[in-house]
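Asks: First the structure, which I've put down as structure tokens, then a few questions once you've had a look.
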Amino acid sequence: MIRFTMLLMFVFTLVGCSSEDSEPNSAADLSSFGTEVSKIQCSKIFECCQADDLSEVFSGVEVSTQEECESAVDGYVRVFVVPGVEQAVDGGSATLGSSESACLSALQSQSCDAFSPSPNVDIFRIEACRDFIQPNLETSEFCSQDWECKSGFCAGEGSCATPPKETEPCASQRCAEGLFCNAENVCVRKVAEGEDCDRNEACASNNCVEQDTMRVCAPPARVCQ
């Protein structure tokens, strides 16, 4: 939480210090798209969350209005999302499709149950947004992000790969969807609610809690619900 709080403070500072004299963006100019993403994310945060939830959403940083939210989220998107996508498009590892509006519509139409109320907005979990920013890299080609790979998986050594399946060795502590990396560095299936667990990642719900003298998988932990 301390690390994120410092990051968010940095983003606020960067947004406040930005000027019209900054260097122009690359050919793949996604600034306006990023701004729209920020506006939608904040409209959903204020639709799905109560005022008491905002401190947890923003890790203790004071954000009380939608405008303050947009400033924080837009700063994050412009610093940590847009430059990476622009570089990928310019370098040929990704291509912009024609479905920008579909991506934005899908973000806006999320239910509060499906919505992830975080300033660190992840557009790539939305299928329509993956159709907008399309991967070009084949297996074994160099990558820096999952979304550059047609397989959806950029391995720890920096190459596109097929996500490890059940019983296969983990790749940088990662596995295919529905699996987690156990203590033996092997991909195994996540367990259901009520079953024993040792950490959140072991649970299909991603929520391992103390119960009596043991730990078990509980229903998903929710913010703004």
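Residue names in the structure tokens use chain letters A, B, ... in the order shown, residue numbers from 1 in each chain, and ligand numbers from 1 in the order shown.
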So which residues touch segment 157-167 of chain A within 12 Å, counting only C-alpha atoms, skipping near sequence neighbours fewer than 3 positions away, as an NGL selection string?
Replies: :A and (93 or 135-154 or 170-182 or 184-190)
Asks: Output as a PDB file with C-alpha atoms, in the first residue's frame all residues of segment 16-159 of chain A that backbone DSSP marks as strand (DSSP E).
Replies:
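Here's the written file result18.pdb:
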```
ATOM      1  CA  ALA A  94       0.830  -4.591 -31.701  1.00  0.00           C
ATOM      2  CA  THR A  95      -1.669  -3.070 -34.114  1.00  0.00           C
ATOM      3  CA  LEU A  96      -4.541  -0.702 -33.451  1.00  0.00           C
ATOM      4  CA  ILE A 133      -5.066  -3.248 -29.384  1.00  0.00           C
ATOM      5  CA  GLN A 134      -4.230  -6.435 -31.262  1.00  0.00           C
ATOM      6  CA  PRO A 135      -1.100  -8.552 -30.596  1.00  0.00           C
TER       7      PRO A 135
END
```
Asks: What is the distance, in Å and to one decimal place, between atom CA of Asp90 of chain A and atom CA of Thr35 of chain A?
Replies: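 Taking atom CA of Asp90 of chain A and atom CA of Thr35 of chain A, their separation equals 20.2 Å.
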Asks: Report as a list in words all protein, DNA and RNA residues lying within 10 Å of Cys224 of chain A, evaluated on only C-alpha atoms, omitting residues in the same chain fewer than 3 positions from it.
Replies: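 Skipping anything fewer than 3 positions along the chain leaves Ile45, Phe46, Glu47, Cys48, Cys49, Gln50, Ala51, Asp52, Asp53, Leu54, Glu56, Val57, Cys112, Asp113, Phe115, Ser116 and Pro117 of chain A.
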